[in-house]
Amino acid sequence: MSSTDAMSTASLPLATKMHDIPTRTLYELLAPVTVRAGHPKATFTNWGLSYTCTPLSVFEPETEDQCRLVLELARREGKTVRAAGVGHSPSDLACTAGFMLRTGKLNKVIEVNVEKRYVVAQAGIILNDLHDVLARHGLAMRNLGSISDQTLGGVVTTATHGSGIEYPVISMDVLALVLLLADGSRVRCSREEHPDLFLASICGLGCTGLVLEITLGVEPAFRLKEVQENYSFDSVVRNLDSIARAAEHVRLWWFPQADVVRVSSSDRTSEPRNPVGTWLWHSLVGYHLLQFLLFLARYVPILNIWTGRFMAWLVRNRTVTVDDSHRVFNIDCKYPQYTTEWAVPYDHAQACLRAVRTWLEREFADPSGLRPHSSIEIRFSAADDIWLSPSNGQRTCWIGLVQFKPYGLNVPYRKLFARFEDIMIRYGGKPHWAKTHPFGPDELRKLYPRFDDFVGVLEAVDPHGLFRNPYVQRHIFGRQGAEYGPRVFKKLP
């Protein structure tokens with residue numbers, strides 16, 4: 001009888017006995033979930049087509065026991081392990097040169113409790129799939145970001161946010177986690193059980209442990225009535241506080257090329273569904289024509305001003321839509337893109353936005369100035385107590401800038417983002433963890449009062465750095481050198 005016949009992954013020993021399994025047997029047990037070299041999944045590229053890596057080995061486990069085997073093999077081989085979902089982070093957050101654990105098959109819903117309004121799901125479930133399950137039980141997530149193509153684990157570990165001045169980041173809806181720690185032990189944590197581990201993990205960048213299960217608070221399913229209309233920049237910024245408080249969920253898209261801000265205001269409603277979109281924006285004509293203009297502007301940058309105005313024209317009409325909550329929360333992100341987003345203290349938002357406008361006016365007036373082509377998205381979130389959440393202890397205005405990549409092609413962005421980020425930093429901004437940023441531990445320590453507590457938790461639960469990829473080493477531990485650099489995984493340097 002072979003070793004794999006004698007020991008199936010359906011019944012593995014406890015973590016304390018993992019060291020008894022011969023290394024050769026580990027490889028045999030993991031063979032069915034090891035992605036072969038040359039397979040498309042053996043290389044990881046993020047959705048924005050901006051970062052890519054070819055890990056030493058890629059595993060796609062289906063069970064918790066298989067996850068434990070991956071961690072045991074990594075410990076023996078002296079390798080790191082990085083969990084990766086669908087790759088929506090527009091940074092190298094998920095990239096690694098070590099072992100990658102793809103979570104695509106760890107995507108089950110374990111429990112739905114309608115009476116107590118919570119769901120227990122594996123971290124690899126895609127939000128779109130979770131919405132479908134919740135809808136069948138008359139439930140829904142209470143807030144969402146712009147997309148639902150990402151995993152629940154990715155949302156939680158980066159403190160992803162939606163918009164709503166009284167609504168905190170989505171991680172605040174997490175009631176409990178089940179983690180697989182670096183030593184192979186299984187730990188449940190919450191605000192009552194291992195609270196430090198919990199508060200470190202619900203914005204833990206995936207480096208406190210492998211998130212297996214998430215218990216998420218939800219609410220009865222609801223529809224949203226969204227009104228979108230355009231106003232001038234001056235009128236919006238002058239009345240920013242009243243606009244942000246005028247509805248449960250408010251978000252803005254500022255087209256600086258046209259001096260126009262599109263205001264989206266959404267409230268819960270009992271009205272019947274009446275989905276109405278902006279036809280030109282969502283049509284194939286709008287999609288392809290806009291992408292072609294973006295392509296041309298790679299060679300004739302002045303076209304970016306006209307492209308931005310064209311975008312504003314496409315959404316010039318007032319619209320009213322009523323639809324299921326996730327269909328209103330989510331938007332069409334259109335093309336792969338470079339992205340930077342910062343959380344600015346709410347009290348600084350007006351001054352910060354005016355400073356951005358002053359800077360862009362200088363750029364537009366300069367024949368050699370920079371020419372951003374897209375809108376600037378502005379959202380809001382309530383304060384929270386999560387250690388590394390950008391909204392920790394403060395109501396927040398999120399300000400994000402993108403540069404689309406027409407047909408997946410590169411466009412200039414580094415100088416644009418650097419100047420934008422300088423303004424964000426001047427007004428106390430904190431970077432979105434899933435997106436590229438220049439901060440290391442010295443800067444982060446000044447912004448996050450519990451930063452050293454977070455590092456202390458990492459050192460306690462993962463003293464040998466099993467879950468630390470270059471992103472974590474660079475930003476959290478300040479490691480320097482080519483292997484930790486911000487462009488080590490750039491798809492096209």
# chains A, B, ... in the order shown; residues from 1 in each chain; ligands from 1
call {"tool": "closest_atom_pairs", "arguments": {"of": "stretch 170-276 of chain A", "to": "stretch 134-157 of chain A", "cutoff": "10 Å", "atoms": "only C-alpha atoms", "output": "Markdown table"}}
result
| residue | atom | partner | partner_atom | distance |
| --- | --- | --- | --- | --- |
| A:Ile170 | CA | A:Val156 | CA | 6.7 |
| A:Ser171 | CA | A:Val156 | CA | 4.9 |
| A:Met172 | CA | A:Val156 | CA | 8.7 |
| A:Asp173 | CA | A:Arg142 | CA | 8.4 |
| A:Val174 | CA | A:Val156 | CA | 7.8 |
| A:Ala200 | CA | A:Thr157 | CA | 9.2 |
| A:Ser201 | CA | A:Thr157 | CA | 6.5 |
| A:Ile202 | CA | A:Thr157 | CA | 5.1 |
| A:Cys203 | CA | A:Thr157 | CA | 4.2 |
| A:Gly204 | CA | A:Thr157 | CA | 5.1 |
| A:Leu205 | CA | A:Thr157 | CA | 5.0 |
| A:Gly206 | CA | A:Thr157 | CA | 5.9 |
| A:Cys207 | CA | A:Thr157 | CA | 9.0 |
| A:Thr208 | CA | A:Thr157 | CA | 9.7 |
| A:Leu210 | CA | A:Gly153 | CA | 9.5 |
| A:Val211 | CA | A:Gly153 | CA | 6.9 |
| A:Leu212 | CA | A:Gly153 | CA | 8.5 |
| A:Glu213 | CA | A:Gly153 | CA | 8.5 |
| A:Ile214 | CA | A:Gly153 | CA | 7.7 |
| A:Leu216 | CA | A:Met141 | CA | 8.5 |
| A:Gly217 | CA | A:Met141 | CA | 7.6 |
| A:Val218 | CA | A:Met141 | CA | 4.9 |
| A:Glu219 | CA | A:Leu139 | CA | 5.6 |
| A:Pro220 | CA | A:Leu139 | CA | 4.3 |
| A:Ala221 | CA | A:Leu139 | CA | 4.2 |
| A:Phe222 | CA | A:Ala140 | CA | 7.1 |
| A:Arg223 | CA | A:Ala140 | CA | 9.8 |
| A:His249 | CA | A:Asn143 | CA | 8.7 |
call {"tool": "write_last_selection", "arguments": {"atoms": "N, CA, C and O atoms", "output": "compact mmCIF listing (two decimals), in the first residue's frame"}}
result
# COMPACT_ATOMS: atom_id res chain seq x y z
N ILE A 170 -16.34 47.67 5.24
CA ILE A 170 -17.06 46.40 5.26
C ILE A 170 -16.53 45.47 6.35
O ILE A 170 -17.27 44.65 6.91
N SER A 171 -15.24 45.59 6.69
CA SER A 171 -14.67 44.73 7.73
C SER A 171 -15.38 44.88 9.08
O SER A 171 -15.33 43.98 9.91
N MET A 172 -16.03 46.01 9.29
CA MET A 172 -16.76 46.21 10.55
C MET A 172 -17.99 45.31 10.65
O MET A 172 -18.55 45.14 11.74
N ASP A 173 -18.41 44.73 9.54
CA ASP A 173 -19.55 43.80 9.57
C ASP A 173 -19.11 42.37 9.90
O ASP A 173 -19.95 41.48 10.03
N VAL A 174 -17.81 42.15 10.02
CA VAL A 174 -17.30 40.82 10.34
C VAL A 174 -17.51 40.54 11.82
O VAL A 174 -17.11 41.33 12.69
N ALA A 200 -6.46 42.76 14.40
CA ALA A 200 -5.33 42.80 13.48
C ALA A 200 -5.68 42.14 12.15
O ALA A 200 -5.20 42.56 11.10
N SER A 201 -6.56 41.14 12.16
CA SER A 201 -6.81 40.34 10.96
C SER A 201 -7.87 40.93 10.05
O SER A 201 -7.84 40.68 8.83
N ILE A 202 -8.83 41.70 10.58
CA ILE A 202 -9.90 42.21 9.71
C ILE A 202 -9.44 43.40 8.87
O ILE A 202 -10.22 43.94 8.09
N CYS A 203 -8.21 43.77 9.02
CA CYS A 203 -7.48 44.54 7.99
C CYS A 203 -6.02 44.12 8.15
O CYS A 203 -5.16 44.92 8.50
N GLY A 204 -5.77 42.84 7.91
CA GLY A 204 -4.47 42.26 8.20
C GLY A 204 -3.62 41.95 6.99
O GLY A 204 -2.55 41.36 7.11
N LEU A 205 -4.11 42.33 5.79
CA LEU A 205 -3.34 42.16 4.55
C LEU A 205 -2.97 40.70 4.28
O LEU A 205 -2.04 40.40 3.54
N GLY A 206 -3.71 39.79 4.93
CA GLY A 206 -3.47 38.38 4.71
C GLY A 206 -2.22 37.84 5.37
O GLY A 206 -1.78 36.73 5.04
N CYS A 207 -1.65 38.60 6.32
CA CYS A 207 -0.38 38.14 6.89
C CYS A 207 -0.48 37.75 8.36
O CYS A 207 0.54 37.43 8.97
N THR A 208 -1.67 37.71 8.93
CA THR A 208 -1.80 37.16 10.28
C THR A 208 -2.03 35.66 10.24
O THR A 208 -1.76 34.96 11.21
N LEU A 210 -3.92 32.33 7.37
CA LEU A 210 -4.78 32.03 6.23
C LEU A 210 -6.23 32.09 6.70
O LEU A 210 -6.64 31.32 7.57
N VAL A 211 -7.02 32.99 6.13
CA VAL A 211 -8.42 33.13 6.54
C VAL A 211 -9.21 31.99 5.89
O VAL A 211 -9.29 31.89 4.67
N LEU A 212 -9.80 31.15 6.74
CA LEU A 212 -10.59 30.03 6.25
C LEU A 212 -12.07 30.36 6.17
O LEU A 212 -12.73 30.10 5.17
N GLU A 213 -12.60 30.92 7.26
CA GLU A 213 -14.04 31.21 7.33
C GLU A 213 -14.26 32.61 7.86
O GLU A 213 -13.50 33.11 8.69
N ILE A 214 -15.34 33.22 7.38
CA ILE A 214 -15.72 34.56 7.80
C ILE A 214 -17.19 34.53 8.20
O ILE A 214 -18.04 34.08 7.43
N LEU A 216 -20.15 36.90 8.79
CA LEU A 216 -20.45 38.27 8.37
C LEU A 216 -21.87 38.64 8.75
O LEU A 216 -22.83 37.92 8.44
N GLY A 217 -22.04 39.77 9.41
CA GLY A 217 -23.36 40.28 9.69
C GLY A 217 -24.01 40.82 8.43
O GLY A 217 -23.35 41.48 7.62
N VAL A 218 -25.28 40.51 8.24
CA VAL A 218 -26.01 40.96 7.06
C VAL A 218 -27.35 41.54 7.52
O VAL A 218 -27.64 41.60 8.70
N GLU A 219 -28.16 41.96 6.57
CA GLU A 219 -29.46 42.52 6.92
C GLU A 219 -30.50 42.02 5.93
O GLU A 219 -30.15 41.44 4.89
N PRO A 220 -31.79 42.23 6.21
CA PRO A 220 -32.82 41.82 5.24
C PRO A 220 -32.56 42.47 3.88
O PRO A 220 -32.13 43.62 3.80
N ALA A 221 -32.83 41.72 2.82
CA ALA A 221 -32.59 42.22 1.47
C ALA A 221 -33.35 43.52 1.26
O ALA A 221 -34.46 43.72 1.77
N PHE A 222 -32.73 44.42 0.50
CA PHE A 222 -33.34 45.73 0.28
C PHE A 222 -33.03 46.24 -1.12
O PHE A 222 -32.08 45.79 -1.76
N ARG A 223 -33.86 47.15 -1.56
CA ARG A 223 -33.61 47.85 -2.81
C ARG A 223 -33.12 49.26 -2.50
O ARG A 223 -33.40 49.81 -1.44
N HIS A 249 -26.26 56.67 1.14
CA HIS A 249 -25.05 56.32 0.39
C HIS A 249 -24.82 57.36 -0.70
O HIS A 249 -25.58 57.43 -1.67
call {"tool": "residues_around", "arguments": {"residues": "stretch 402-416 of chain A", "least_positions_apart": "4", "cutoff": "10 Å", "atoms": "only C-alpha atoms", "output": "ChimeraX atom specification"}}
result
/A:48-50,288,290-299,301,333-341,360,363,369-377,420-421,491-492
call {"tool": "residues_around", "arguments": {"residues": "stretch 105-108 of chain A", "least_positions_apart": "6", "cutoff": "6 Å", "atoms": "only C-alpha atoms", "output": "PyMOL selection string"}}
result
chain A and resi 62+121-122+124-125
call {"tool": "write_last_selection", "arguments": {"atoms": "N, CA, C and O atoms", "output": "tab-separated table (two decimals), in the first residue's frame"}}
result
chain	number	residue	atom	x	y	z
A	62	GLU	N	-8.86	22.45	-1.95
A	62	GLU	CA	-10.31	22.39	-1.84
A	62	GLU	C	-10.76	22.18	-0.40
A	62	GLU	O	-11.94	22.32	-0.10
A	121	ALA	N	-19.13	31.96	5.62
A	121	ALA	CA	-18.67	31.55	4.29
A	121	ALA	C	-17.16	31.41	4.29
A	121	ALA	O	-16.45	32.02	5.09
A	122	GLN	N	-16.68	30.57	3.37
A	122	GLN	CA	-15.24	30.48	3.18
A	122	GLN	C	-14.72	31.75	2.53
A	122	GLN	O	-15.43	32.44	1.78
A	124	GLY	N	-12.75	32.39	0.17
A	124	GLY	CA	-12.56	32.45	-1.27
A	124	GLY	C	-13.82	32.69	-2.08
A	124	GLY	O	-13.76	32.77	-3.31
A	125	ILE	N	-14.97	32.82	-1.42
A	125	ILE	CA	-16.20	33.02	-2.18
A	125	ILE	C	-16.19	34.39	-2.84
A	125	ILE	O	-15.74	35.38	-2.27
call {"tool": "residues_around", "arguments": {"residues": "stretch 54-60 of chain A", "least_positions_apart": "3", "cutoff": "7 Å", "atoms": "only C-alpha atoms", "output": "PyMOL selection string"}}
result
chain A and resi 33-35+42-44+96-103+105
call {"tool": "select_by_dssp", "arguments": {"residues": "stretch 130-171 of chain A", "states": "helix (DSSP H, G or I)", "output": "list in words"}}
result
Leu130, His131, Asp132, Val133, Leu134, Ala135, Arg136, Leu152, Gly153, Gly154, Val155, Val156, Thr157, Ile170 and Ser171 of chain A
call {"tool": "residues_around", "arguments": {"residues": "A:Tyr231", "least_positions_apart": "5", "cutoff": "8 Å", "atoms": "only C-alpha atoms", "output": "VMD selection string"}}
result
chain A and resid 236 260 to 263
call {"tool": "write_last_selection", "arguments": {"atoms": "N, CA and C atoms", "output": "PDB file, in the first residue's frame"}}
result
ATOM      1  N   VAL A 236     -20.612  71.800  -5.401  1.00  0.00           N
ATOM      2  CA  VAL A 236     -20.501  70.551  -4.651  1.00  0.00           C
ATOM      3  C   VAL A 236     -19.547  70.703  -3.474  1.00  0.00           C
ATOM      4  N   VAL A 260     -17.140  69.411 -13.733  1.00  0.00           N
ATOM      5  CA  VAL A 260     -18.449  68.848 -13.407  1.00  0.00           C
ATOM      6  C   VAL A 260     -18.280  67.725 -12.391  1.00  0.00           C
ATOM      7  N   VAL A 261     -19.208  67.647 -11.443  1.00  0.00           N
ATOM      8  CA  VAL A 261     -19.237  66.550 -10.486  1.00  0.00           C
ATOM      9  C   VAL A 261     -20.574  65.833 -10.625  1.00  0.00           C
ATOM     10  N   ARG A 262     -20.522  64.532 -10.832  1.00  0.00           N
ATOM     11  CA  ARG A 262     -21.747  63.729 -10.865  1.00  0.00           C
ATOM     12  C   ARG A 262     -21.996  63.194  -9.465  1.00  0.00           C
ATOM     13  N   VAL A 263     -23.163  63.508  -8.930  1.00  0.00           N
ATOM     14  CA  VAL A 263     -23.522  63.133  -7.567  1.00  0.00           C
ATOM     15  C   VAL A 263     -24.494  61.964  -7.612  1.00  0.00           C
TER      16      VAL A 263
END
call {"tool": "atom_distance", "arguments": {"atom1": "atom CA of A:Val455", "atom2": "atom CA of A:Gly400"}}
result
27.5 Å
call {"tool": "closest_residue", "arguments": {"among": "A:Ile110, A:Val356, A:Ala182, A:Leu314", "to": "A:Val237", "atoms": "only C-alpha atoms"}}
result
A:Val356
call {"tool": "residues_around", "arguments": {"residues": "A:Gly485", "least_positions_apart": "3", "cutoff": "9 Å", "atoms": "only C-alpha atoms", "output": "list in words"}}
result
Pro470, Tyr471, Arg474, Arg479, Gln480, Gly481, Ala482, Val488 and Phe489 of chain A
call {"tool": "residues_around", "arguments": {"residues": "A:Leu224", "least_positions_apart": "2", "cutoff": "6 Å", "atoms": "only C-alpha atoms", "output": "MDAnalysis selection string"}}
result
chainID A and resid 266:269 322:323 325
call {"tool": "closest_atom_pairs", "arguments": {"of": "stretch 426-486 of chain A", "to": "stretch 384-399 of chain A", "cutoff": "10 Å", "atoms": "only C-alpha atoms", "output": "Markdown table"}}
result
| residue | atom | partner | partner_atom | distance |
| --- | --- | --- | --- | --- |
| A:Gly429 | CA | A:Pro390 | CA | 8.5 |
| A:Lys430 | CA | A:Pro390 | CA | 5.8 |
| A:Pro431 | CA | A:Pro390 | CA | 7.2 |
| A:His432 | CA | A:Pro390 | CA | 7.0 |
| A:Trp433 | CA | A:Pro390 | CA | 8.3 |
| A:Leu444 | CA | A:Leu388 | CA | 9.2 |
| A:Leu447 | CA | A:Pro390 | CA | 8.7 |
| A:Tyr448 | CA | A:Leu388 | CA | 6.5 |
| A:Pro449 | CA | A:Trp387 | CA | 7.8 |
| A:Arg450 | CA | A:Trp387 | CA | 5.5 |
| A:Phe451 | CA | A:Leu388 | CA | 6.9 |
| A:Asp452 | CA | A:Trp387 | CA | 9.7 |
| A:Asp453 | CA | A:Trp387 | CA | 8.2 |
| A:Phe454 | CA | A:Trp387 | CA | 7.0 |
call {"tool": "select_by_dssp", "arguments": {"residues": "stretch 337-420 of chain A", "states": "strand (DSSP E)", "output": "PyMOL selection string"}}
result
chain A and resi 337-345+376-381+396-404
call {"tool": "closest_residue", "arguments": {"among": "A:Leu466, A:Asp442, A:Gly308, A:Ala246", "to": "A:Glu166", "atoms": "only C-alpha atoms"}}
result
A:Ala246
